[in-house]
$ cat query12.cif   # mmCIF, N, CA and C atoms
data_work
#
loop_
_atom_site.group_PDB
_atom_site.id
_atom_site.type_symbol
_atom_site.label_atom_id
_atom_site.label_comp_id
_atom_site.auth_asym_id
_atom_site.auth_seq_id
_atom_site.Cartn_x
_atom_site.Cartn_y
_atom_site.Cartn_z
ATOM 1 N N ASP A 1486 0.812 -1.204 0.000
ATOM 2 C CA ASP A 1486 0.000 0.000 0.000
ATOM 3 C C ASP A 1486 0.853 1.266 0.000
ATOM 4 N N GLU A 1487 1.920 1.250 0.791
ATOM 5 C CA GLU A 1487 2.792 2.413 0.880
ATOM 6 C C GLU A 1487 3.445 2.730 -0.457
ATOM 7 N N VAL A 1488 3.928 1.690 -1.125
ATOM 8 C CA VAL A 1488 4.577 1.880 -2.420
ATOM 9 C C VAL A 1488 3.569 2.395 -3.439
ATOM 10 N N ARG A 1489 2.363 1.805 -3.445
ATOM 11 C CA ARG A 1489 1.325 2.231 -4.392
ATOM 12 C C ARG A 1489 0.997 3.706 -4.219
ATOM 13 N N THR A 1490 0.814 4.147 -2.984
ATOM 14 C CA THR A 1490 0.464 5.550 -2.764
ATOM 15 C C THR A 1490 1.601 6.480 -3.166
ATOM 16 N N LYS A 1491 2.834 6.071 -2.873
ATOM 17 C CA LYS A 1491 3.992 6.902 -3.211
ATOM 18 C C LYS A 1491 4.166 7.029 -4.723
ATOM 19 N N VAL A 1492 4.121 5.908 -5.422
ATOM 20 C CA VAL A 1492 4.299 5.923 -6.879
ATOM 21 C C VAL A 1492 3.182 6.713 -7.548
ATOM 22 N N PHE A 1493 1.940 6.515 -7.109
ATOM 23 C CA PHE A 1493 0.818 7.235 -7.710
ATOM 24 C C PHE A 1493 0.998 8.736 -7.542
ATOM 25 N N PHE A 1494 1.382 9.176 -6.340
ATOM 26 C CA PHE A 1494 1.584 10.604 -6.103
ATOM 27 C C PHE A 1494 2.712 11.160 -6.958
ATOM 28 N N GLU A 1495 3.803 10.426 -7.047
ATOM 29 C CA GLU A 1495 4.936 10.889 -7.855
ATOM 30 C C GLU A 1495 4.566 11.019 -9.328
ATOM 31 N N GLU A 1496 3.730 10.114 -9.811
ATOM 32 C CA GLU A 1496 3.347 10.117 -11.230
ATOM 33 C C GLU A 1496 2.236 11.113 -11.558
ATOM 34 N N THR A 1497 1.326 11.368 -10.603
ATOM 35 C CA THR A 1497 0.138 12.172 -10.915
ATOM 36 C C THR A 1497 0.005 13.456 -10.115
ATOM 37 N N GLY A 1498 0.621 13.490 -8.935
ATOM 38 C CA GLY A 1498 0.436 14.645 -8.056
ATOM 39 C C GLY A 1498 -0.813 14.535 -7.197
ATOM 40 N N PHE A 1499 -1.529 13.414 -7.296
ATOM 41 C CA PHE A 1499 -2.736 13.197 -6.493
ATOM 42 C C PHE A 1499 -2.488 12.127 -5.446
ATOM 43 N N GLU A 1500 -3.148 12.287 -4.301
ATOM 44 C CA GLU A 1500 -3.065 11.283 -3.246
ATOM 45 C C GLU A 1500 -4.099 10.191 -3.494
ATOM 46 N N ILE A 1501 -3.739 8.946 -3.129
ATOM 47 C CA ILE A 1501 -4.710 7.863 -3.096
ATOM 48 C C ILE A 1501 -4.612 7.218 -1.722
ATOM 49 N N SER A 1502 -5.698 6.594 -1.315
ATOM 50 C CA SER A 1502 -5.663 5.863 -0.054
ATOM 51 C C SER A 1502 -6.728 4.784 -0.046
ATOM 52 N N ARG A 1503 -6.524 3.852 0.838
ATOM 53 C CA ARG A 1503 -7.492 2.783 1.082
ATOM 54 C C ARG A 1503 -8.428 3.277 2.179
ATOM 55 N N GLU A 1504 -9.686 2.889 2.103
ATOM 56 C CA GLU A 1504 -10.647 3.307 3.126
ATOM 57 C C GLU A 1504 -10.270 2.691 4.468
ATOM 58 N N SER A 1505 -10.529 3.398 5.526
ATOM 59 C CA SER A 1505 -10.174 2.905 6.857
ATOM 60 C C SER A 1505 -11.064 1.737 7.271
ATOM 61 N N ASP A 1506 -10.510 0.871 8.096
ATOM 62 C CA ASP A 1506 -11.284 -0.256 8.621
ATOM 63 C C ASP A 1506 -12.483 0.227 9.418
ATOM 64 N N MET A 1507 -12.319 1.310 10.166
ATOM 65 C CA MET A 1507 -13.422 1.853 10.977
ATOM 66 C C MET A 1507 -14.600 2.246 10.084
ATOM 67 N N THR A 1508 -14.316 2.902 8.971
ATOM 68 C CA THR A 1508 -15.383 3.307 8.053
ATOM 69 C C THR A 1508 -16.040 2.088 7.433
ATOM 70 N N LEU A 1509 -15.251 1.100 7.030
ATOM 71 C CA LEU A 1509 -15.802 -0.080 6.368
ATOM 72 C C LEU A 1509 -16.603 -0.970 7.309
ATOM 73 N N LYS A 1510 -16.446 -0.795 8.599
ATOM 74 C CA LYS A 1510 -17.240 -1.558 9.572
ATOM 75 C C LYS A 1510 -18.671 -1.032 9.692
ATOM 76 N N VAL A 1511 -18.895 0.199 9.244
ATOM 77 C CA VAL A 1511 -20.236 0.794 9.282
ATOM 78 C C VAL A 1511 -20.954 0.379 8.003
ATOM 79 N N ARG A 1512 -22.017 -0.386 8.138
ATOM 80 C CA ARG A 1512 -22.713 -0.968 6.979
ATOM 81 C C ARG A 1512 -23.070 0.076 5.924
ATOM 82 N N ARG A 1513 -23.596 1.211 6.347
ATOM 83 C CA ARG A 1513 -24.018 2.267 5.404
ATOM 84 C C ARG A 1513 -22.836 2.766 4.561
ATOM 85 N N TYR A 1514 -21.717 3.005 5.222
ATOM 86 C CA TYR A 1514 -20.551 3.523 4.515
ATOM 87 C C TYR A 1514 -19.944 2.467 3.593
ATOM 88 N N ARG A 1515 -19.906 1.224 4.062
ATOM 89 C CA ARG A 1515 -19.387 0.142 3.226
ATOM 90 C C ARG A 1515 -20.239 -0.009 1.967
ATOM 91 N N ALA A 1516 -21.558 0.024 2.120
ATOM 92 C CA ALA A 1516 -22.478 -0.136 0.984
ATOM 93 C C ALA A 1516 -22.275 0.956 -0.066
ATOM 94 N N GLU A 1517 -21.901 2.157 0.354
ATOM 95 C CA GLU A 1517 -21.652 3.248 -0.599
ATOM 96 C C GLU A 1517 -20.447 2.953 -1.493
ATOM 97 N N ARG A 1518 -19.620 1.985 -1.096
ATOM 98 C CA ARG A 1518 -18.391 1.666 -1.816
ATOM 99 C C ARG A 1518 -18.440 0.312 -2.515
ATOM 100 N N GLU A 1519 -19.607 -0.298 -2.556
ATOM 101 C CA GLU A 1519 -19.774 -1.590 -3.216
ATOM 102 C C GLU A 1519 -20.490 -1.402 -4.545
ATOM 103 N N PHE A 1520 -19.883 -1.936 -5.611
ATOM 104 C CA PHE A 1520 -20.422 -1.798 -6.957
ATOM 105 C C PHE A 1520 -20.300 -3.130 -7.681
ATOM 106 N N ILE A 1521 -21.138 -3.325 -8.689
ATOM 107 C CA ILE A 1521 -21.104 -4.544 -9.483
ATOM 108 C C ILE A 1521 -20.034 -4.413 -10.565
ATOM 109 N N VAL A 1522 -19.160 -5.410 -10.635
ATOM 110 C CA VAL A 1522 -18.139 -5.490 -11.679
ATOM 111 C C VAL A 1522 -18.541 -6.636 -12.609
ATOM 112 N N PRO A 1523 -18.643 -6.373 -13.916
ATOM 113 C CA PRO A 1523 -19.028 -7.437 -14.853
ATOM 114 C C PRO A 1523 -18.150 -8.678 -14.700
ATOM 115 N N GLY A 1524 -18.803 -9.810 -14.525
ATOM 116 C CA GLY A 1524 -18.087 -11.072 -14.401
ATOM 117 C C GLY A 1524 -17.557 -11.375 -13.011
ATOM 118 N N LEU A 1525 -17.547 -10.381 -12.123
ATOM 119 C CA LEU A 1525 -17.021 -10.572 -10.771
ATOM 120 C C LEU A 1525 -18.058 -10.339 -9.679
ATOM 121 N N GLY A 1526 -19.197 -9.763 -10.054
ATOM 122 C CA GLY A 1526 -20.229 -9.477 -9.054
ATOM 123 C C GLY A 1526 -19.896 -8.259 -8.210
ATOM 124 N N LYS A 1527 -20.492 -8.207 -7.026
ATOM 125 C CA LYS A 1527 -20.309 -7.058 -6.133
ATOM 126 C C LYS A 1527 -18.893 -7.047 -5.579
ATOM 127 N N GLN A 1528 -18.237 -5.901 -5.713
ATOM 128 C CA GLN A 1528 -16.864 -5.729 -5.234
ATOM 129 C C GLN A 1528 -16.773 -4.456 -4.389
ATOM 130 N N LEU A 1529 -15.833 -4.455 -3.478
ATOM 131 C CA LEU A 1529 -15.584 -3.296 -2.639
ATOM 132 C C LEU A 1529 -14.557 -2.391 -3.315
ATOM 133 N N PHE A 1530 -14.937 -1.161 -3.559
ATOM 134 C CA PHE A 1530 -14.066 -0.163 -4.181
ATOM 135 C C PHE A 1530 -13.474 0.684 -3.046
ATOM 136 N N GLU A 1531 -12.537 0.100 -2.317
ATOM 137 C CA GLU A 1531 -12.023 0.771 -1.122
ATOM 138 C C GLU A 1531 -10.906 1.762 -1.412
ATOM 139 N N TRP A 1532 -10.230 1.636 -2.542
ATOM 140 C CA TRP A 1532 -9.197 2.600 -2.908
ATOM 141 C C TRP A 1532 -9.824 3.815 -3.562
ATOM 142 N N HIS A 1533 -9.288 4.985 -3.275
ATOM 143 C CA HIS A 1533 -9.817 6.202 -3.890
ATOM 144 C C HIS A 1533 -8.735 7.254 -4.096
ATOM 145 N N VAL A 1534 -8.948 8.031 -5.159
ATOM 146 C CA VAL A 1534 -8.101 9.177 -5.477
ATOM 147 C C VAL A 1534 -8.728 10.384 -4.806
ATOM 148 N N LYS A 1535 -7.902 11.198 -4.185
ATOM 149 C CA LYS A 1535 -8.385 12.403 -3.505
ATOM 150 C C LYS A 1535 -8.111 13.616 -4.392
ATOM 151 N N ILE A 1536 -9.177 14.302 -4.761
ATOM 152 C CA ILE A 1536 -9.044 15.518 -5.567
ATOM 153 C C ILE A 1536 -9.606 16.658 -4.736
ATOM 154 N N GLY A 1537 -8.723 17.449 -4.184
ATOM 155 C CA GLY A 1537 -9.158 18.517 -3.291
ATOM 156 C C GLY A 1537 -9.730 17.945 -2.007
ATOM 157 N N ARG A 1538 -10.535 18.749 -1.324
ATOM 158 C CA ARG A 1538 -11.106 18.318 -0.046
ATOM 159 C C ARG A 1538 -12.404 17.551 -0.205
ATOM 160 N N THR A 1539 -13.083 17.705 -1.349
ATOM 161 C CA THR A 1539 -14.442 17.155 -1.431
ATOM 162 C C THR A 1539 -14.704 16.197 -2.577
ATOM 163 N N ILE A 1540 -13.745 15.962 -3.448
ATOM 164 C CA ILE A 1540 -13.976 15.081 -4.596
ATOM 165 C C ILE A 1540 -13.164 13.800 -4.429
ATOM 166 N N ARG A 1541 -13.824 12.658 -4.710
ATOM 167 C CA ARG A 1541 -13.170 11.363 -4.624
ATOM 168 C C ARG A 1541 -13.520 10.510 -5.841
ATOM 169 N N ILE A 1542 -12.561 9.698 -6.269
ATOM 170 C CA ILE A 1542 -12.797 8.710 -7.324
ATOM 171 C C ILE A 1542 -12.485 7.347 -6.718
ATOM 172 N N HIS A 1543 -13.528 6.551 -6.489
ATOM 173 C CA HIS A 1543 -13.354 5.208 -5.926
ATOM 174 C C HIS A 1543 -13.176 4.223 -7.069
ATOM 175 N N PHE A 1544 -12.143 3.385 -6.969
ATOM 176 C CA PHE A 1544 -11.825 2.485 -8.080
ATOM 177 C C PHE A 1544 -11.513 1.074 -7.590
ATOM 178 N N PHE A 1545 -11.593 0.140 -8.531
ATOM 179 C CA PHE A 1545 -11.298 -1.263 -8.275
ATOM 180 C C PHE A 1545 -10.381 -1.753 -9.389
ATOM 181 N N ILE A 1546 -9.297 -2.419 -9.027
ATOM 182 C CA ILE A 1546 -8.364 -2.937 -10.018
ATOM 183 C C ILE A 1546 -8.619 -4.428 -10.212
ATOM 184 N N ASP A 1547 -8.973 -4.790 -11.434
ATOM 185 C CA ASP A 1547 -9.153 -6.192 -11.816
ATOM 186 C C ASP A 1547 -7.846 -6.627 -12.473
ATOM 187 N N ARG A 1548 -6.973 -7.186 -11.680
ATOM 188 C CA ARG A 1548 -5.642 -7.564 -12.161
ATOM 189 C C ARG A 1548 -5.703 -8.669 -13.211
ATOM 190 N N ASP A 1549 -6.626 -9.617 -13.028
ATOM 191 C CA ASP A 1549 -6.721 -10.742 -13.960
ATOM 192 C C ASP A 1549 -7.037 -10.283 -15.381
ATOM 193 N N ASN A 1550 -7.933 -9.307 -15.506
ATOM 194 C CA ASN A 1550 -8.337 -8.811 -16.821
ATOM 195 C C ASN A 1550 -7.668 -7.491 -17.201
ATOM 196 N N GLN A 1551 -6.772 -7.027 -16.350
ATOM 197 C CA GLN A 1551 -6.019 -5.788 -16.569
ATOM 198 C C GLN A 1551 -6.944 -4.607 -16.873
ATOM 199 N N LYS A 1552 -7.929 -4.421 -15.966
ATOM 200 C CA LYS A 1552 -8.870 -3.312 -16.103
ATOM 201 C C LYS A 1552 -9.005 -2.587 -14.773
ATOM 202 N N VAL A 1553 -9.344 -1.312 -14.881
ATOM 203 C CA VAL A 1553 -9.652 -0.512 -13.704
ATOM 204 C C VAL A 1553 -11.090 -0.038 -13.862
ATOM 205 N N TYR A 1554 -11.890 -0.261 -12.830
ATOM 206 C CA TYR A 1554 -13.291 0.155 -12.837
ATOM 207 C C TYR A 1554 -13.468 1.331 -11.893
ATOM 208 N N ILE A 1555 -14.238 2.318 -12.327
ATOM 209 C CA ILE A 1555 -14.577 3.473 -11.512
ATOM 210 C C ILE A 1555 -15.981 3.230 -10.969
ATOM 211 N N GLY A 1556 -16.113 3.222 -9.645
ATOM 212 C CA GLY A 1556 -17.415 3.001 -9.029
ATOM 213 C C GLY A 1556 -18.094 4.295 -8.645
ATOM 214 N N HIS A 1557 -17.306 5.279 -8.260
ATOM 215 C CA HIS A 1557 -17.867 6.562 -7.828
ATOM 216 C C HIS A 1557 -16.884 7.661 -8.178
ATOM 217 N N CYS A 1558 -17.398 8.708 -8.761
ATOM 218 C CA CYS A 1558 -16.606 9.898 -9.056
ATOM 219 C C CYS A 1558 -17.474 11.097 -8.687
ATOM 220 N N GLY A 1559 -17.123 11.750 -7.610
ATOM 221 C CA GLY A 1559 -17.936 12.880 -7.168
ATOM 222 C C GLY A 1559 -17.638 13.250 -5.737
ATOM 223 N N ARG A 1560 -18.674 13.676 -5.052
ATOM 224 C CA ARG A 1560 -18.526 14.184 -3.688
ATOM 225 C C ARG A 1560 -17.906 13.135 -2.767
ATOM 226 N N HIS A 1561 -17.246 13.621 -1.764
ATOM 227 C CA HIS A 1561 -16.628 12.773 -0.731
ATOM 228 C C HIS A 1561 -17.734 11.936 -0.098
ATOM 229 N N LEU A 1562 -17.565 10.619 -0.093
ATOM 230 C CA LEU A 1562 -18.545 9.746 0.555
ATOM 231 C C LEU A 1562 -18.392 9.833 2.073
ATOM 232 N N GLY A 1563 -19.422 9.437 2.776
ATOM 233 C CA GLY A 1563 -19.391 9.482 4.236
ATOM 234 C C GLY A 1563 -18.352 8.541 4.817
ATOM 235 N N THR A 1564 -17.783 8.946 5.947
ATOM 236 C CA THR A 1564 -16.844 8.117 6.700
ATOM 237 C C THR A 1564 -17.153 8.341 8.175
ATOM 238 N N VAL A 1565 -16.453 7.628 9.039
ATOM 239 C CA VAL A 1565 -16.672 7.839 10.468
ATOM 240 C C VAL A 1565 -16.237 9.230 10.907
ATOM 241 N N SER A 1566 -15.339 9.871 10.142
ATOM 242 C CA SER A 1566 -14.878 11.213 10.509
ATOM 243 C C SER A 1566 -15.378 12.316 9.584
ATOM 244 N N TYR A 1567 -16.120 11.942 8.548
ATOM 245 C CA TYR A 1567 -16.640 12.929 7.581
ATOM 246 C C TYR A 1567 -18.014 12.465 7.141
ATOM 247 N N ASN A 1568 -19.051 13.182 7.508
ATOM 248 C CA ASN A 1568 -20.405 12.827 7.098
ATOM 249 C C ASN A 1568 -20.826 13.736 5.953
ATOM 250 N N SER A 1569 -20.898 13.163 4.758
ATOM 251 C CA SER A 1569 -21.210 13.970 3.570
ATOM 252 C C SER A 1569 -22.672 14.341 3.515
#
$ encode --input "query12.cif" --output "structure tokens"
Amino acid sequence: DEVRTKVFFEETGFEISRESDMTLKVRRYRAEREFIVPGLGKQLFEWHVKIGRTIRIHFFIDRDNQKVYIGHCGRHLGTVSYNS
């Protein structure tokens, strides 16, 4: 995770992070990050790109098929420390 965040920032200038365990334990917040991926069913899009203070892009990497899926692009989703 550390290497991924460092390389992404160096290449793009944007921060990425994995959602916190505390946030994912709250059913409502976890559900906001679950999306259907063709052929894989419901997946957790826990990684996100941070654009400013209020915009997030939640994504899922399908390594087997070499694809990246965008589940949410928009306002900051709710977390235990940020209620959107």
$ resolve_selection --input "query12.cif" --expression "the PyMOL selection byres (((chain A and resi 1550-1564 and name CA) around 9) and name CA)" --output "VMD selection string"
chain A and resid 1504 to 1505 1507 to 1509 1511 1513 to 1514 1517 to 1522 1530 1533 1535 1538 to 1549 1565 to 1569
$ atom_distance --input "query12.cif" --atom1 "atom CA of Val1534 of chain A" --atom2 "atom CA of Arg1512 of chain A"
21.7 Å
$ atom_distance --input "query12.cif" --atom1 "atom CA of Thr1497 of chain A" --atom2 "atom CA of Leu1525 of chain A"
28.5 Å
$ atom_distance --input "query12.cif" --atom1 "atom CA of Asp1486 of chain A" --atom2 "atom CA of Glu1531 of chain A"
12.1 Å
$ select_by_dssp --input "query12.cif" --residues "chain A" --states "strand (DSSP E)" --output "ChimeraX atom specification"
/A:1500-1503,1519-1522,1526-1529,1532-1536,1540-1547,1552-1560
$ closest_residue --input "query12.cif" --among "A:Gly1526, A:Arg1515, A:Gly1537, A:Trp1532" --to "Ile1501 of chain A" --atoms "all atoms listed in the file"
A:Trp1532
$ select_by_dssp --input "query12.cif" --residues "segment 1488-1563 of chain A" --states "helix (DSSP H, G or I)" --output "ChimeraX atom specification"
/A:1488-1497,1506-1509,1512-1516
$ closest_residue --input "query12.cif" --among "A:Gly1524, A:Asp1506, A:Phe1499, A:Val1492" --to "Ile1536 of chain A" --atoms "only N, CA and C atoms"
A:Phe1499
$ build_atoms --input "query12.cif" --residues "segment 1502-1513 of chain A" --atoms "all heavy atoms" --output "mmCIF file, keeping the file's coordinate frame"
data_model
loop_
_atom_site.group_PDB
_atom_site.id
_atom_site.type_symbol
_atom_site.label_atom_id
_atom_site.label_comp_id
_atom_site.auth_asym_id
_atom_site.auth_seq_id
_atom_site.Cartn_x
_atom_site.Cartn_y
_atom_site.Cartn_z
ATOM 1 N N SER A 1502 -5.698 6.594 -1.315
ATOM 2 C CA SER A 1502 -5.663 5.863 -0.054
ATOM 3 C C SER A 1502 -6.728 4.784 -0.046
ATOM 4 O O SER A 1502 -7.677 4.822 -0.827
ATOM 5 C CB SER A 1502 -5.833 6.797 1.143
ATOM 6 O OG SER A 1502 -7.113 7.365 1.155
ATOM 7 N N ARG A 1503 -6.524 3.852 0.838
ATOM 8 C CA ARG A 1503 -7.492 2.783 1.082
ATOM 9 C C ARG A 1503 -8.428 3.277 2.179
ATOM 10 O O ARG A 1503 -8.006 4.000 3.068
ATOM 11 C CB ARG A 1503 -6.733 1.531 1.528
ATOM 12 C CG ARG A 1503 -7.622 0.396 1.933
ATOM 13 C CD ARG A 1503 -6.799 -0.816 2.285
ATOM 14 N NE ARG A 1503 -6.804 -1.675 1.108
ATOM 15 C CZ ARG A 1503 -5.861 -2.511 0.778
ATOM 16 N NH1 ARG A 1503 -4.773 -2.613 1.502
ATOM 17 N NH2 ARG A 1503 -5.973 -3.258 -0.293
ATOM 18 N N GLU A 1504 -9.686 2.889 2.103
ATOM 19 C CA GLU A 1504 -10.647 3.307 3.126
ATOM 20 C C GLU A 1504 -10.270 2.691 4.468
ATOM 21 O O GLU A 1504 -9.750 1.570 4.523
ATOM 22 C CB GLU A 1504 -12.053 2.865 2.722
ATOM 23 C CG GLU A 1504 -13.140 3.695 3.339
ATOM 24 C CD GLU A 1504 -12.995 5.160 3.007
ATOM 25 O OE1 GLU A 1504 -13.259 5.539 1.864
ATOM 26 O OE2 GLU A 1504 -12.604 5.935 3.907
ATOM 27 N N SER A 1505 -10.529 3.398 5.526
ATOM 28 C CA SER A 1505 -10.174 2.905 6.857
ATOM 29 C C SER A 1505 -11.064 1.737 7.271
ATOM 30 O O SER A 1505 -12.224 1.637 6.859
ATOM 31 C CB SER A 1505 -10.307 4.025 7.894
ATOM 32 O OG SER A 1505 -11.670 4.271 8.177
ATOM 33 N N ASP A 1506 -10.510 0.871 8.096
ATOM 34 C CA ASP A 1506 -11.284 -0.256 8.621
ATOM 35 C C ASP A 1506 -12.483 0.227 9.418
ATOM 36 O O ASP A 1506 -13.557 -0.381 9.370
ATOM 37 C CB ASP A 1506 -10.402 -1.146 9.503
ATOM 38 C CG ASP A 1506 -9.361 -1.913 8.708
ATOM 39 O OD1 ASP A 1506 -9.564 -2.129 7.495
ATOM 40 O OD2 ASP A 1506 -8.339 -2.300 9.305
ATOM 41 N N MET A 1507 -12.319 1.310 10.166
ATOM 42 C CA MET A 1507 -13.422 1.853 10.977
ATOM 43 C C MET A 1507 -14.600 2.246 10.084
ATOM 44 O O MET A 1507 -15.745 1.947 10.404
ATOM 45 C CB MET A 1507 -12.946 3.076 11.783
ATOM 46 C CG MET A 1507 -11.914 2.746 12.831
ATOM 47 S SD MET A 1507 -12.614 1.858 14.223
ATOM 48 C CE MET A 1507 -13.603 3.143 14.942
ATOM 49 N N THR A 1508 -14.316 2.902 8.971
ATOM 50 C CA THR A 1508 -15.383 3.307 8.053
ATOM 51 C C THR A 1508 -16.040 2.088 7.433
ATOM 52 O O THR A 1508 -17.269 2.018 7.335
ATOM 53 C CB THR A 1508 -14.827 4.249 6.972
ATOM 54 O OG1 THR A 1508 -14.464 5.488 7.597
ATOM 55 C CG2 THR A 1508 -15.847 4.517 5.877
ATOM 56 N N LEU A 1509 -15.251 1.100 7.030
ATOM 57 C CA LEU A 1509 -15.802 -0.080 6.368
ATOM 58 C C LEU A 1509 -16.603 -0.970 7.309
ATOM 59 O O LEU A 1509 -17.406 -1.787 6.859
ATOM 60 C CB LEU A 1509 -14.690 -0.871 5.693
ATOM 61 C CG LEU A 1509 -14.000 -0.151 4.536
ATOM 62 C CD1 LEU A 1509 -12.861 -0.998 3.987
ATOM 63 C CD2 LEU A 1509 -14.986 0.223 3.446
ATOM 64 N N LYS A 1510 -16.446 -0.795 8.599
ATOM 65 C CA LYS A 1510 -17.240 -1.558 9.572
ATOM 66 C C LYS A 1510 -18.671 -1.032 9.692
ATOM 67 O O LYS A 1510 -19.547 -1.725 10.175
ATOM 68 C CB LYS A 1510 -16.563 -1.538 10.940
ATOM 69 C CG LYS A 1510 -15.337 -2.419 11.004
ATOM 70 C CD LYS A 1510 -14.696 -2.375 12.375
ATOM 71 C CE LYS A 1510 -13.436 -3.218 12.382
ATOM 72 N NZ LYS A 1510 -12.727 -3.143 13.659
ATOM 73 N N VAL A 1511 -18.895 0.199 9.244
ATOM 74 C CA VAL A 1511 -20.236 0.794 9.282
ATOM 75 C C VAL A 1511 -20.954 0.379 8.003
ATOM 76 O O VAL A 1511 -20.530 0.750 6.903
ATOM 77 C CB VAL A 1511 -20.169 2.326 9.421
ATOM 78 C CG1 VAL A 1511 -21.564 2.941 9.397
ATOM 79 C CG2 VAL A 1511 -19.413 2.719 10.687
ATOM 80 N N ARG A 1512 -22.017 -0.386 8.138
ATOM 81 C CA ARG A 1512 -22.713 -0.968 6.979
ATOM 82 C C ARG A 1512 -23.070 0.076 5.924
ATOM 83 O O ARG A 1512 -22.885 -0.143 4.733
ATOM 84 C CB ARG A 1512 -23.971 -1.693 7.439
ATOM 85 C CG ARG A 1512 -24.663 -2.413 6.302
ATOM 86 C CD ARG A 1512 -25.920 -3.093 6.721
ATOM 87 N NE ARG A 1512 -25.666 -3.929 7.886
ATOM 88 C CZ ARG A 1512 -26.521 -4.771 8.390
ATOM 89 N NH1 ARG A 1512 -27.696 -4.903 7.836
ATOM 90 N NH2 ARG A 1512 -26.227 -5.483 9.451
ATOM 91 N N ARG A 1513 -23.596 1.211 6.347
ATOM 92 C CA ARG A 1513 -24.018 2.267 5.404
ATOM 93 C C ARG A 1513 -22.836 2.766 4.561
ATOM 94 O O ARG A 1513 -22.932 2.928 3.347
ATOM 95 C CB ARG A 1513 -24.646 3.415 6.171
ATOM 96 C CG ARG A 1513 -25.124 4.538 5.271
ATOM 97 C CD ARG A 1513 -25.733 5.652 6.073
ATOM 98 N NE ARG A 1513 -24.967 6.846 5.784
ATOM 99 C CZ ARG A 1513 -24.835 7.868 6.582
ATOM 100 N NH1 ARG A 1513 -25.397 7.863 7.766
ATOM 101 N NH2 ARG A 1513 -24.140 8.900 6.229
#
